[in-house]
file target-v3.tsv (TSV, C-alpha atoms and all ligand atoms)
chain	number	residue	atom	x	y	z
A	9	MET	CA	-5.68	-29.78	-2.51
A	10	MET	CA	-4.92	-26.11	-2.44
A	11	ALA	CA	-1.87	-25.07	-4.40
A	12	GLY	CA	-1.30	-22.30	-1.83
A	13	GLY	CA	1.74	-20.20	-2.60
A	14	ALA	CA	3.66	-23.16	-3.95
A	15	GLY	CA	6.06	-22.23	-6.68
A	16	VAL	CA	6.29	-23.87	-10.05
A	17	PRO	CA	9.75	-24.78	-11.31
A	18	HIS	CA	11.22	-22.42	-13.86
A	19	PRO	CA	13.49	-23.72	-16.65
A	20	ASP	CA	16.47	-21.91	-15.09
A	21	GLY	CA	15.88	-23.80	-11.86
A	22	SER	CA	14.48	-20.88	-9.85
A	23	GLU	CA	11.01	-20.95	-8.36
A	24	VAL	CA	8.36	-18.80	-10.00
A	25	GLU	CA	5.59	-17.92	-7.64
A	26	THR	CA	2.08	-18.93	-8.70
A	27	PRO	CA	0.02	-15.79	-9.40
A	28	VAL	CA	-2.63	-15.13	-6.77
A	29	LEU	CA	-5.12	-14.43	-9.56
A	30	GLU	CA	-4.82	-15.86	-13.06
A	31	ILE	CA	-7.60	-15.13	-15.53
A	32	VAL	CA	-7.31	-16.61	-19.02
A	33	GLY	CA	-9.78	-15.93	-21.83
A	34	ALA	CA	-12.62	-15.10	-19.44
A	35	THR	CA	-15.90	-14.54	-21.24
A	36	ARG	CA	-19.29	-13.94	-19.64
A	37	VAL	CA	-22.42	-13.87	-21.77
A	38	HIS	CA	-25.82	-13.05	-20.28
A	39	GLY	CA	-29.02	-14.24	-21.94
A	40	GLN	CA	-29.16	-15.62	-25.45
A	41	GLY	CA	-30.42	-14.79	-28.92
A	42	PRO	CA	-31.62	-11.22	-29.40
A	43	THR	CA	-31.24	-10.39	-25.70
A	44	GLU	CA	-27.66	-11.66	-25.50
A	45	VAL	CA	-25.21	-9.37	-23.71
A	46	VAL	CA	-21.49	-10.06	-23.80
A	47	ALA	CA	-20.44	-8.58	-20.46
A	48	LEU	CA	-16.84	-9.79	-20.73
A	49	ASP	CA	-15.06	-10.93	-23.87
A	50	GLY	CA	-11.87	-12.98	-23.65
A	51	VAL	CA	-10.09	-11.15	-20.86
A	52	ASP	CA	-6.63	-12.21	-19.63
A	53	LEU	CA	-5.32	-10.84	-16.35
A	54	GLU	CA	-2.65	-11.97	-13.95
A	55	VAL	CA	-2.08	-10.46	-10.51
A	56	ARG	CA	0.78	-11.51	-8.26
A	57	ALA	CA	1.37	-11.19	-4.54
A	58	GLY	CA	2.34	-7.62	-3.71
A	59	GLU	CA	0.67	-6.26	-6.82
A	60	LEU	CA	-2.34	-3.96	-7.09
A	61	VAL	CA	-4.01	-3.64	-10.50
A	62	ALA	CA	-6.51	-0.87	-11.17
A	63	VAL	CA	-9.35	-1.47	-13.63
A	64	MET	CA	-10.85	1.53	-15.37
A	65	GLY	CA	-13.50	1.81	-18.05
A	66	PRO	CA	-16.88	3.37	-18.77
A	67	SER	CA	-20.07	2.25	-17.07
A	68	GLY	CA	-21.21	-1.08	-18.49
A	69	SER	CA	-17.74	-2.05	-19.75
A	70	GLY	CA	-17.61	-5.18	-17.58
A	71	LYS	CA	-15.63	-4.05	-14.53
A	72	SER	CA	-17.99	-5.53	-11.92
A	73	THR	CA	-18.39	-8.70	-14.00
A	74	LEU	CA	-14.61	-9.13	-13.99
A	75	LEU	CA	-14.45	-8.76	-10.19
A	76	ASN	CA	-17.39	-11.11	-9.67
A	77	LEU	CA	-15.66	-13.79	-11.73
A	78	ALA	CA	-12.35	-13.26	-9.90
A	79	GLY	CA	-14.13	-13.62	-6.56
A	80	GLY	CA	-16.06	-16.72	-7.57
A	81	LEU	CA	-19.41	-14.95	-7.22
A	82	ASP	CA	-20.17	-15.56	-10.88
A	83	THR	CA	-19.04	-18.24	-13.33
A	84	PRO	CA	-17.51	-17.55	-16.75
A	85	THR	CA	-19.25	-18.77	-19.90
A	86	ALA	CA	-15.78	-19.64	-21.20
A	87	GLY	CA	-12.24	-19.31	-19.94
A	88	SER	CA	-10.37	-20.04	-16.77
A	89	ILE	CA	-10.18	-18.34	-13.37
A	90	ARG	CA	-7.51	-19.50	-10.94
A	91	VAL	CA	-7.10	-18.19	-7.40
A	92	VAL	CA	-3.83	-19.27	-5.75
A	93	GLY	CA	-3.58	-21.89	-8.48
A	94	GLU	CA	-7.03	-23.32	-7.82
A	95	GLU	CA	-9.36	-23.48	-10.85
A	96	LEU	CA	-12.65	-22.08	-9.55
A	97	SER	CA	-14.81	-23.96	-12.05
A	98	GLY	CA	-13.31	-27.19	-10.74
A	99	LEU	CA	-14.73	-26.53	-7.27
A	100	GLY	CA	-18.25	-27.23	-6.08
A	101	ALA	CA	-20.33	-24.39	-4.66
A	102	THR	CA	-19.38	-25.20	-1.06
A	103	ALA	CA	-15.65	-25.41	-1.72
A	104	ARG	CA	-15.80	-22.21	-3.74
A	105	ALA	CA	-17.61	-20.37	-0.94
A	106	ARG	CA	-15.05	-21.63	1.53
A	107	LEU	CA	-12.11	-20.50	-0.61
A	108	ARG	CA	-13.76	-17.13	-1.06
A	109	ARG	CA	-14.36	-16.69	2.66
A	110	ARG	CA	-10.79	-17.62	3.53
A	111	LEU	CA	-8.75	-16.06	0.80
A	112	VAL	CA	-10.77	-13.34	-0.88
A	113	GLY	CA	-11.73	-9.99	0.60
A	114	TYR	CA	-14.45	-8.30	-1.44
A	115	VAL	CA	-15.60	-4.68	-1.16
A	116	PHE	CA	-18.96	-4.42	-2.90
A	117	GLN	CA	-19.95	-1.30	-4.76
A	118	ASP	CA	-23.11	-1.05	-2.64
A	119	PHE	CA	-21.37	-2.26	0.59
A	120	ASN	CA	-23.66	-5.30	1.16
A	121	LEU	CA	-23.55	-5.05	4.96
A	122	VAL	CA	-26.01	-7.24	6.85
A	123	PRO	CA	-28.61	-4.76	8.18
A	124	SER	CA	-29.43	-6.76	11.32
A	125	LEU	CA	-25.78	-6.90	12.46
A	126	THR	CA	-23.65	-4.17	14.00
A	127	ALA	CA	-20.50	-2.94	12.27
A	128	ALA	CA	-18.33	-5.19	14.46
A	129	GLU	CA	-20.61	-8.19	13.87
A	130	ASN	CA	-20.53	-7.59	10.12
A	131	VAL	CA	-16.73	-7.56	10.11
A	132	ALA	CA	-16.48	-10.57	12.44
A	133	LEU	CA	-18.95	-12.66	10.42
A	134	PRO	CA	-16.57	-14.09	7.78
A	135	LEU	CA	-14.10	-15.03	10.55
A	136	GLU	CA	-16.76	-16.75	12.64
A	137	LEU	CA	-18.09	-18.62	9.60
A	138	ASP	CA	-14.55	-19.84	9.16
A	139	GLY	CA	-14.37	-21.16	12.71
A	140	VAL	CA	-12.52	-18.37	14.51
A	141	PRO	CA	-13.81	-18.25	18.11
A	142	ALA	CA	-16.30	-15.41	18.66
A	143	ARG	CA	-14.17	-13.48	21.11
A	144	ARG	CA	-11.08	-13.49	18.91
A	145	ALA	CA	-13.16	-12.67	15.84
A	146	GLY	CA	-14.64	-9.72	17.74
A	147	GLU	CA	-11.20	-8.41	18.69
A	148	GLN	CA	-9.96	-8.70	15.12
A	149	ALA	CA	-13.09	-6.94	13.90
A	150	ILE	CA	-12.54	-3.97	16.23
A	151	ALA	CA	-8.89	-3.75	15.15
A	152	ALA	CA	-9.96	-3.78	11.48
A	153	LEU	CA	-12.58	-1.09	12.11
A	154	ASP	CA	-9.92	0.96	13.94
A	155	SER	CA	-7.56	0.64	11.00
A	156	VAL	CA	-10.10	2.35	8.73
A	157	GLY	CA	-11.03	5.00	11.30
A	158	VAL	CA	-14.45	3.77	12.46
A	159	GLY	CA	-13.49	1.82	15.58
A	160	ASP	CA	-15.79	4.03	17.64
A	161	LEU	CA	-18.80	2.96	15.52
A	162	ALA	CA	-18.41	-0.76	16.23
A	163	ASP	CA	-21.84	-1.06	17.89
A	164	ARG	CA	-23.79	0.84	15.25
A	165	PHE	CA	-26.09	-0.83	12.78
A	166	PRO	CA	-25.61	0.02	9.09
A	167	GLU	CA	-28.72	2.24	9.02
A	168	GLU	CA	-27.18	4.31	11.84
A	169	MET	CA	-24.10	5.07	9.75
A	170	SER	CA	-23.47	7.43	6.84
A	171	GLY	CA	-22.66	6.02	3.40
A	172	GLY	CA	-18.98	6.77	3.95
A	173	GLN	CA	-18.97	5.03	7.33
A	174	GLN	CA	-20.68	1.98	5.82
A	175	GLN	CA	-18.11	1.94	3.05
A	176	ARG	CA	-15.25	2.00	5.56
A	177	THR	CA	-16.93	-0.85	7.44
A	178	ALA	CA	-17.16	-2.80	4.18
A	179	VAL	CA	-13.42	-2.22	3.62
A	180	ALA	CA	-12.69	-3.43	7.17
A	181	ARG	CA	-14.70	-6.60	6.51
A	182	ALA	CA	-12.71	-7.26	3.32
A	183	LEU	CA	-9.38	-6.78	5.10
A	184	VAL	CA	-10.00	-8.82	8.23
A	185	GLY	CA	-8.31	-12.22	8.36
A	186	PRO	CA	-5.58	-13.60	6.11
A	187	ARG	CA	-6.96	-12.56	2.73
A	188	ARG	CA	-4.64	-13.25	-0.17
A	189	LEU	CA	-6.76	-11.53	-2.82
A	190	LEU	CA	-8.49	-8.19	-2.27
A	191	LEU	CA	-11.16	-7.20	-4.77
A	192	ALA	CA	-12.63	-3.72	-4.44
A	193	ASP	CA	-15.41	-2.25	-6.59
A	194	GLU	CA	-15.23	1.54	-6.30
A	195	PRO	CA	-14.30	1.34	-2.60
A	196	THR	CA	-13.91	5.11	-2.42
A	197	GLY	CA	-17.13	6.07	-4.20
A	198	ALA	CA	-18.90	7.28	-1.04
A	199	LEU	CA	-15.83	8.94	0.48
A	200	ASP	CA	-14.39	12.44	0.40
A	201	THR	CA	-10.90	12.73	-1.09
A	202	ALA	CA	-9.02	12.71	2.23
A	203	THR	CA	-10.85	9.62	3.48
A	204	GLY	CA	-10.47	7.96	0.08
A	205	GLU	CA	-6.71	8.48	0.22
A	206	GLU	CA	-6.70	7.08	3.77
A	207	MET	CA	-8.51	3.98	2.52
A	208	MET	CA	-6.01	3.58	-0.31
A	209	LEU	CA	-3.14	3.80	2.18
A	210	VAL	CA	-4.65	0.94	4.18
A	211	LEU	CA	-5.30	-1.13	1.03
A	212	ARG	CA	-1.81	-0.44	-0.32
A	213	GLY	CA	-0.33	-1.49	3.03
A	214	ARG	CA	-2.04	-4.86	2.80
A	215	ILE	CA	-0.84	-5.34	-0.77
A	216	ASP	CA	2.72	-4.44	0.19
A	217	ALA	CA	2.46	-7.01	2.99
A	218	GLY	CA	1.89	-9.70	0.35
A	219	SER	CA	-1.74	-9.74	-0.74
A	220	ALA	CA	-2.76	-9.19	-4.36
A	221	GLY	CA	-5.48	-6.71	-5.29
A	222	VAL	CA	-7.79	-5.55	-8.04
A	223	LEU	CA	-9.29	-2.09	-7.69
A	224	VAL	CA	-12.13	-0.86	-9.87
A	225	THR	CA	-12.17	2.91	-9.94
A	226	HIS	CA	-13.34	5.81	-12.08
A	227	ASP	CA	-10.75	8.11	-10.56
A	228	ALA	CA	-7.18	8.31	-11.88
A	229	ARG	CA	-6.05	9.66	-8.50
A	230	TYR	CA	-6.90	6.34	-6.90
A	231	ALA	CA	-5.60	4.32	-9.85
A	232	ALA	CA	-2.27	6.07	-9.19
A	233	TRP	CA	-1.90	3.87	-6.09
A	234	ALA	CA	-1.87	0.76	-8.27
A	235	ASP	CA	1.19	-0.84	-9.84
A	236	ARG	CA	-0.56	-0.82	-13.20
A	237	THR	CA	-3.90	0.07	-14.68
A	238	VAL	CA	-5.85	-1.90	-17.26
A	239	PHE	CA	-8.66	-0.43	-19.35
A	240	LEU	CA	-11.91	-2.17	-20.24
A	241	ARG	CA	-14.27	-1.23	-23.02
A	242	ASP	CA	-17.24	-3.31	-24.16
A	243	GLY	CA	-15.96	-6.26	-22.17
A	244	ARG	CA	-12.48	-6.22	-23.67
A	245	LEU	CA	-9.15	-5.11	-22.31
A	246	THR	CA	-8.08	-2.24	-24.51
A	247	GLY	CA	-4.74	-1.38	-22.97
A	248	SER	CA	-2.72	-0.93	-19.85
A	249	THR	CA	-0.14	1.36	-18.34
A	250	GLY	CA	3.37	0.12	-17.75
A	251	THR	CA	4.18	-1.82	-14.62
A	252	ARG	CA	5.33	-0.47	-11.33
A	253	MET	CA	5.23	3.18	-12.25
A	254	GLY	CA	6.30	5.41	-9.40
A	255	VAL	CA	6.91	2.42	-7.23
A	256	GLU	CA	10.22	3.71	-5.87
A	257	SER	CA	8.84	6.63	-3.95
A	258	LEU	CA	5.94	4.50	-2.73
A	259	PHE	CA	8.33	2.09	-1.12
A	260	THR	CA	11.07	4.44	0.06
A	261	THR	CA	8.72	6.80	1.91
A	262	PRO	CA	6.27	4.77	3.97
A	263	GLY	CA	2.90	6.43	4.07
A	264	ALA	CA	3.78	8.97	1.42
A	265	PRO	CA	1.06	9.83	-1.09
A	266	PRO	CA	1.60	8.33	-4.52
A	267	PRO	CA	3.69	10.26	-7.01
A	268	PRO	CA	2.08	11.97	-9.98
A	269	ARG	CA	1.49	9.63	-12.90
A	270	SER	CA	1.05	10.06	-16.58
A	271	GLU	CA	-2.50	10.30	-17.86
A	272	PRO	CA	-4.23	6.98	-18.48
A	273	GLU	CA	-4.81	5.99	-22.05
A	274	PRO	CA	-8.20	6.91	-23.50
A	301	LIG	P1	-19.51	-2.06	-15.13
A	301	LIG	O1	-19.26	-2.59	-13.75
A	301	LIG	O2	-18.27	-1.75	-15.90
A	301	LIG	O3	-20.44	-0.88	-15.10
A	301	LIG	P2	-20.93	-4.57	-15.53
A	301	LIG	O4	-19.90	-5.61	-15.38
A	301	LIG	O5	-21.85	-4.34	-14.38
A	301	LIG	O6	-20.24	-3.20	-15.99
A	301	LIG	O7	-21.83	-4.92	-16.80
A	301	LIG	C1	-21.28	-5.21	-18.07
A	301	LIG	C2	-22.40	-5.43	-19.06
A	301	LIG	O8	-23.10	-6.62	-18.72
A	301	LIG	C3	-23.45	-4.33	-19.07
A	301	LIG	O9	-23.90	-4.16	-20.39
A	301	LIG	C4	-24.54	-4.88	-18.21
A	301	LIG	O10	-25.77	-4.34	-18.55
A	301	LIG	C5	-24.47	-6.36	-18.51
A	301	LIG	N1	-24.92	-7.21	-17.38
A	301	LIG	C6	-24.33	-7.31	-16.16
A	301	LIG	N2	-24.99	-8.20	-15.37
A	301	LIG	C7	-26.03	-8.66	-16.13
A	301	LIG	C8	-27.09	-9.60	-15.89
A	301	LIG	N3	-27.21	-10.25	-14.73
A	301	LIG	N4	-27.96	-9.82	-16.91
A	301	LIG	C9	-27.85	-9.20	-18.09
A	301	LIG	N5	-26.88	-8.31	-18.38
A	301	LIG	C10	-25.98	-8.03	-17.41
A	302	MG	MG	-19.86	-1.86	-11.85

call {"tool": "encode", "arguments": {"input": "target-v3.tsv", "output": "structure tokens"}}
result
Amino acid sequence: MMAGGAGVPHPDGSEVETPVLEIVGATRVHGQGPTEVVALDGVDLEVRAGELVAVMGPSGSGKSTLLNLAGGLDTPTAGSIRVVGEELSGLGATARARLRRRLVGYVFQDFNLVPSLTAAENVALPLELDGVPARRAGEQAIAALDSVGVGDLADRFPEEMSGGQQQRTAVARALVGPRRLLLADEPTGALDTATGEEMMLVLRGRIDAGSAGVLVTHDARYAAWADRTVFLRDGRLTGSTGTRMGVESLFTTPGAPPPPRSEPEP
């Protein structure tokens, strides 16, 4: 049974919404003995509906590992990963894949588009795998491509698109359908600043509409779109900014660029 958005009772009688993503003590060790690498070391992270958390940290600090665990693409050596209250390690591979396809939108650092499918077919694929009729999936795919500015490239194959166009297509694929959790690994890496900001506006819109998101980025300008930023170093969380900084202007002026933020911690 999926817990869905069901609330858990709070001592004062109110309902507390289950976090969309709840990571407790997540550790991921690769290899063993002298070749052992601790990619992630006891990380706790909670992300609620309507919340976008940015993850920053040097190369090799465990950012992609954290996203892979959150998306059920990798399994922790120790610790717990819950998505909408569902413990991922308690699910078999098939159930986990199904949950991922339905609830999780993932933007891979290297796009991961299927080379033999057009942009529209790539975006429609997760919907069709989930049983949405082809025609409706196709329409939703075009709408998603439109929303990230590449609707006119729907019939192109990945190799016929620039890196930036492929990246936008990958964002469209992550956003299509009713995704509750959006995980994005440097989704602006191949984009110029204006297009990157455009992508963040689309992502932020989906978060404000009730999804939860985790954004890995090297760039504080993109982290500024998040409600808070956490910092990873050597697989450990080393700090975070306060919550909901600058959130007022984000919500009172629809479409406005994010306000300036204080510098992230080192
Ligand atoms: P980031 O995304 O922050 O650059 P990663 O999560 O990719 O970092 O990697 C964290 C650490 O784990 C790095 O030291 C990396 O070399 C190591 N690592 C990641 N995947 C593997 C793997 N499959 N086998 C061995 N080591 C790995
Ligand atoms: Mg990475």

call {"tool": "residues_near_ligand", "arguments": {"input": "target-v3.tsv", "ligand": "ligand LIG 301 (chain A)", "cutoff": "10 Å", "atoms": "only C-alpha atoms and all ligand atoms", "output": "mmCIF file with C-alpha atoms, in the frame of the given file"}}
result
data_model
loop_
_atom_site.group_PDB
_atom_site.id
_atom_site.type_symbol
_atom_site.label_atom_id
_atom_site.label_comp_id
_atom_site.auth_asym_id
_atom_site.auth_seq_id
_atom_site.Cartn_x
_atom_site.Cartn_y
_atom_site.Cartn_z
ATOM 1 C CA ARG A 36 -19.290 -13.940 -19.640
ATOM 2 C CA VAL A 37 -22.420 -13.870 -21.770
ATOM 3 C CA HIS A 38 -25.820 -13.050 -20.280
ATOM 4 C CA GLY A 39 -29.020 -14.240 -21.940
ATOM 5 C CA GLN A 40 -29.160 -15.620 -25.450
ATOM 6 C CA THR A 43 -31.240 -10.390 -25.700
ATOM 7 C CA GLU A 44 -27.660 -11.660 -25.500
ATOM 8 C CA VAL A 45 -25.210 -9.370 -23.710
ATOM 9 C CA VAL A 46 -21.490 -10.060 -23.800
ATOM 10 C CA ALA A 47 -20.440 -8.580 -20.460
ATOM 11 C CA LEU A 48 -16.840 -9.790 -20.730
ATOM 12 C CA VAL A 63 -9.350 -1.470 -13.630
ATOM 13 C CA MET A 64 -10.850 1.530 -15.370
ATOM 14 C CA GLY A 65 -13.500 1.810 -18.050
ATOM 15 C CA PRO A 66 -16.880 3.370 -18.770
ATOM 16 C CA SER A 67 -20.070 2.250 -17.070
ATOM 17 C CA GLY A 68 -21.210 -1.080 -18.490
ATOM 18 C CA SER A 69 -17.740 -2.050 -19.750
ATOM 19 C CA GLY A 70 -17.610 -5.180 -17.580
ATOM 20 C CA LYS A 71 -15.630 -4.050 -14.530
ATOM 21 C CA SER A 72 -17.990 -5.530 -11.920
ATOM 22 C CA THR A 73 -18.390 -8.700 -14.000
ATOM 23 C CA LEU A 74 -14.610 -9.130 -13.990
ATOM 24 C CA LEU A 75 -14.450 -8.760 -10.190
ATOM 25 C CA ASN A 76 -17.390 -11.110 -9.670
ATOM 26 C CA LEU A 77 -15.660 -13.790 -11.730
ATOM 27 C CA ASP A 82 -20.170 -15.560 -10.880
ATOM 28 C CA GLN A 117 -19.950 -1.300 -4.760
ATOM 29 C CA ASP A 193 -15.410 -2.250 -6.590
ATOM 30 C CA GLU A 194 -15.230 1.540 -6.300
ATOM 31 C CA VAL A 224 -12.130 -0.860 -9.870
ATOM 32 C CA THR A 225 -12.170 2.910 -9.940
ATOM 33 C CA HIS A 226 -13.340 5.810 -12.080
ATOM 34 C CA LEU A 240 -11.910 -2.170 -20.240
ATOM 35 C CA ARG A 241 -14.270 -1.230 -23.020
ATOM 36 C CA ASP A 242 -17.240 -3.310 -24.160
ATOM 37 C CA GLY A 243 -15.960 -6.260 -22.170
#

call {"tool": "atom_distance", "arguments": {"input": "target-v3.tsv", "atom1": "atom CA of A:Phe119", "atom2": "atom CA of A:Arg56"}}
result
25.6 Å

call {"tool": "closest_residue", "arguments": {"input": "target-v3.tsv", "among": "A:Pro134, A:Thr203, A:Ala220, A:Ala192", "to": "ligand MG 302 (chain A)", "atoms": "only C-alpha atoms and all ligand atoms"}}
result
A:Ala192

call {"tool": "closest_residue", "arguments": {"input": "target-v3.tsv", "among": "A:Gly79, A:Val158, A:Gln173, A:Gly50", "to": "A:Val222", "atoms": "all atoms listed in the file"}}
result
A:Gly79

call {"tool": "axis_aligned_box", "arguments": {"input": "target-v3.tsv", "around": "stretch 118-129 of chain A", "padding_each_side": "6 Å", "output": "JSON"}}
result
{"center_x": -23.9, "center_y": -4.6, "center_z": 5.9, "size_x": 23.1, "size_y": 19.1, "size_z": 29.1}

call {"tool": "closest_residue", "arguments": {"input": "target-v3.tsv", "among": "A:Leu107, A:Leu223, A:Ile150, A:Ile89", "to": "ligand MG 302 (chain A)", "atoms": "only C-alpha atoms and all ligand atoms"}}
result
A:Leu223

call {"tool": "closest_residue", "arguments": {"input": "target-v3.tsv", "among": "A:Val115, A:Ala182, A:Ala145, A:Val32", "to": "ligand MG 302 (chain A)", "atoms": "all atoms listed in the file"}}
result
A:Val115

call {"tool": "residues_around", "arguments": {"input": "target-v3.tsv", "residues": "stretch 136-138 of chain A", "least_positions_apart": "4", "cutoff": "10 Å", "atoms": "all atoms listed in the file", "output": "list in words"}}
result
Arg106, Arg109, Arg110, Glu129, Val131, Ala132, Ala142, Arg143, Arg144, Ala145, Gly146 and Gly185 of chain A

call {"tool": "atom_distance", "arguments": {"input": "target-v3.tsv", "atom1": "atom CA of A:Val92", "atom2": "atom CA of A:Ala62"}}
result
19.4 Å

call {"tool": "residues_near_point", "arguments": {"input": "target-v3.tsv", "point": "(-12.9, 4.4, -2.7)", "cutoff": "12 Å", "atoms": "only C-alpha atoms", "output": "MDAnalysis selection string"}}
result
chainID A and resid 62 115:119 156 171:176 178:179 191:211 223:231 233

call {"tool": "atom_distance", "arguments": {"input": "target-v3.tsv", "atom1": "atom CA of A:Asp160", "atom2": "atom CA of A:Thr177"}}
result
11.4 Å

call {"tool": "residues_near_point", "arguments": {"input": "target-v3.tsv", "point": "(0.9, -10.7, -0.3)", "cutoff": "10 Å", "atoms": "only C-alpha atoms", "output": "PDB file with C-alpha atoms, keeping the file's coordinate frame"}}
result
ATOM      1  CA  GLY A  13       1.740 -20.200  -2.600  1.00  0.00           C
ATOM      2  CA  VAL A  28      -2.630 -15.130  -6.770  1.00  0.00           C
ATOM      3  CA  ARG A  56       0.780 -11.510  -8.260  1.00  0.00           C
ATOM      4  CA  ALA A  57       1.370 -11.190  -4.540  1.00  0.00           C
ATOM      5  CA  GLY A  58       2.340  -7.620  -3.710  1.00  0.00           C
ATOM      6  CA  GLU A  59       0.670  -6.260  -6.820  1.00  0.00           C
ATOM      7  CA  PRO A 186      -5.580 -13.600   6.110  1.00  0.00           C
ATOM      8  CA  ARG A 187      -6.960 -12.560   2.730  1.00  0.00           C
ATOM      9  CA  ARG A 188      -4.640 -13.250  -0.170  1.00  0.00           C
ATOM     10  CA  LEU A 189      -6.760 -11.530  -2.820  1.00  0.00           C
ATOM     11  CA  LEU A 190      -8.490  -8.190  -2.270  1.00  0.00           C
ATOM     12  CA  GLY A 213      -0.330  -1.490   3.030  1.00  0.00           C
ATOM     13  CA  ARG A 214      -2.040  -4.860   2.800  1.00  0.00           C
ATOM     14  CA  ILE A 215      -0.840  -5.340  -0.770  1.00  0.00           C
ATOM     15  CA  ASP A 216       2.720  -4.440   0.190  1.00  0.00           C
ATOM     16  CA  ALA A 217       2.460  -7.010   2.990  1.00  0.00           C
ATOM     17  CA  GLY A 218       1.890  -9.700   0.350  1.00  0.00           C
ATOM     18  CA  SER A 219      -1.740  -9.740  -0.740  1.00  0.00           C
ATOM     19  CA  ALA A 220      -2.760  -9.190  -4.360  1.00  0.00           C
ATOM     20  CA  GLY A 221      -5.480  -6.710  -5.290  1.00  0.00           C
TER      21      GLY A 221
END

call {"tool": "closest_residue", "arguments": {"input": "target-v3.tsv", "among": "A:Thr237, A:Ser170, A:Ser248, A:Thr35", "to": "A:Ala78", "atoms": "all atoms listed in the file"}}
result
A:Thr35

call {"tool": "closest_residue", "arguments": {"input": "target-v3.tsv", "among": "A:Val184, A:Met169, A:Leu135, A:Ala34", "to": "A:Ala86", "atoms": "all atoms listed in the file"}}
result
A:Ala34

call {"tool": "decode", "arguments": {"input": "target-v3.tsv", "residues": "stretch 133-138 of chain A", "atoms": "all heavy atoms", "output": "PDB file, in the first residue's frame"}}
result
ATOM      1  N   LEU A 133       7.635   8.327 -23.316  1.00  0.00           N
ATOM      2  CA  LEU A 133       7.955   6.947 -22.904  1.00  0.00           C
ATOM      3  C   LEU A 133       7.522   6.592 -21.472  1.00  0.00           C
ATOM      4  O   LEU A 133       6.837   5.588 -21.271  1.00  0.00           O
ATOM      5  CB  LEU A 133       9.454   6.676 -23.121  1.00  0.00           C
ATOM      6  CG  LEU A 133       9.927   5.250 -22.843  1.00  0.00           C
ATOM      7  CD1 LEU A 133       9.245   4.257 -23.778  1.00  0.00           C
ATOM      8  CD2 LEU A 133      11.453   5.150 -22.988  1.00  0.00           C
ATOM      9  N   PRO A 134       7.906   7.417 -20.466  1.00  0.00           N
ATOM     10  CA  PRO A 134       7.503   7.026 -19.102  1.00  0.00           C
ATOM     11  C   PRO A 134       5.982   6.967 -18.940  1.00  0.00           C
ATOM     12  O   PRO A 134       5.468   6.125 -18.191  1.00  0.00           O
ATOM     13  CB  PRO A 134       8.109   8.111 -18.205  1.00  0.00           C
ATOM     14  CG  PRO A 134       8.543   9.203 -19.100  1.00  0.00           C
ATOM     15  CD  PRO A 134       8.750   8.615 -20.452  1.00  0.00           C
ATOM     16  N   LEU A 135       5.259   7.828 -19.657  1.00  0.00           N
ATOM     17  CA  LEU A 135       3.790   7.813 -19.579  1.00  0.00           C
ATOM     18  C   LEU A 135       3.242   6.528 -20.190  1.00  0.00           C
ATOM     19  O   LEU A 135       2.368   5.871 -19.631  1.00  0.00           O
ATOM     20  CB  LEU A 135       3.211   9.014 -20.327  1.00  0.00           C
ATOM     21  CG  LEU A 135       3.526  10.397 -19.765  1.00  0.00           C
ATOM     22  CD1 LEU A 135       3.020  11.474 -20.711  1.00  0.00           C
ATOM     23  CD2 LEU A 135       2.909  10.561 -18.390  1.00  0.00           C
ATOM     24  N   GLU A 136       3.780   6.179 -21.358  1.00  0.00           N
ATOM     25  CA  GLU A 136       3.280   4.979 -22.049  1.00  0.00           C
ATOM     26  C   GLU A 136       3.592   3.721 -21.242  1.00  0.00           C
ATOM     27  O   GLU A 136       2.768   2.812 -21.158  1.00  0.00           O
ATOM     28  CB  GLU A 136       3.872   4.894 -23.451  1.00  0.00           C
ATOM     29  CG  GLU A 136       3.326   5.984 -24.362  1.00  0.00           C
ATOM     30  CD  GLU A 136       3.699   5.760 -25.817  1.00  0.00           C
ATOM     31  OE1 GLU A 136       3.562   4.617 -26.288  1.00  0.00           O
ATOM     32  OE2 GLU A 136       4.158   6.724 -26.456  1.00  0.00           O
ATOM     33  N   LEU A 137       4.788   3.687 -20.647  1.00  0.00           N
ATOM     34  CA  LEU A 137       5.150   2.540 -19.801  1.00  0.00           C
ATOM     35  C   LEU A 137       4.180   2.427 -18.636  1.00  0.00           C
ATOM     36  O   LEU A 137       3.964   1.340 -18.103  1.00  0.00           O
ATOM     37  CB  LEU A 137       6.578   2.693 -19.268  1.00  0.00           C
ATOM     38  CG  LEU A 137       7.698   2.482 -20.284  1.00  0.00           C
ATOM     39  CD1 LEU A 137       9.038   2.847 -19.664  1.00  0.00           C
ATOM     40  CD2 LEU A 137       7.713   1.044 -20.786  1.00  0.00           C
ATOM     41  N   ASP A 138       3.601   3.572 -18.263  1.00  0.00           N
ATOM     42  CA  ASP A 138       2.688   3.567 -17.133  1.00  0.00           C
ATOM     43  C   ASP A 138       1.243   3.398 -17.580  1.00  0.00           C
ATOM     44  O   ASP A 138       0.322   3.547 -16.774  1.00  0.00           O
ATOM     45  CB  ASP A 138       2.863   4.862 -16.343  1.00  0.00           C
ATOM     46  CG  ASP A 138       2.681   4.627 -14.864  1.00  0.00           C
ATOM     47  OD1 ASP A 138       2.991   3.504 -14.412  1.00  0.00           O
ATOM     48  OD2 ASP A 138       2.217   5.538 -14.171  1.00  0.00           O
TER      49      ASP A 138
END
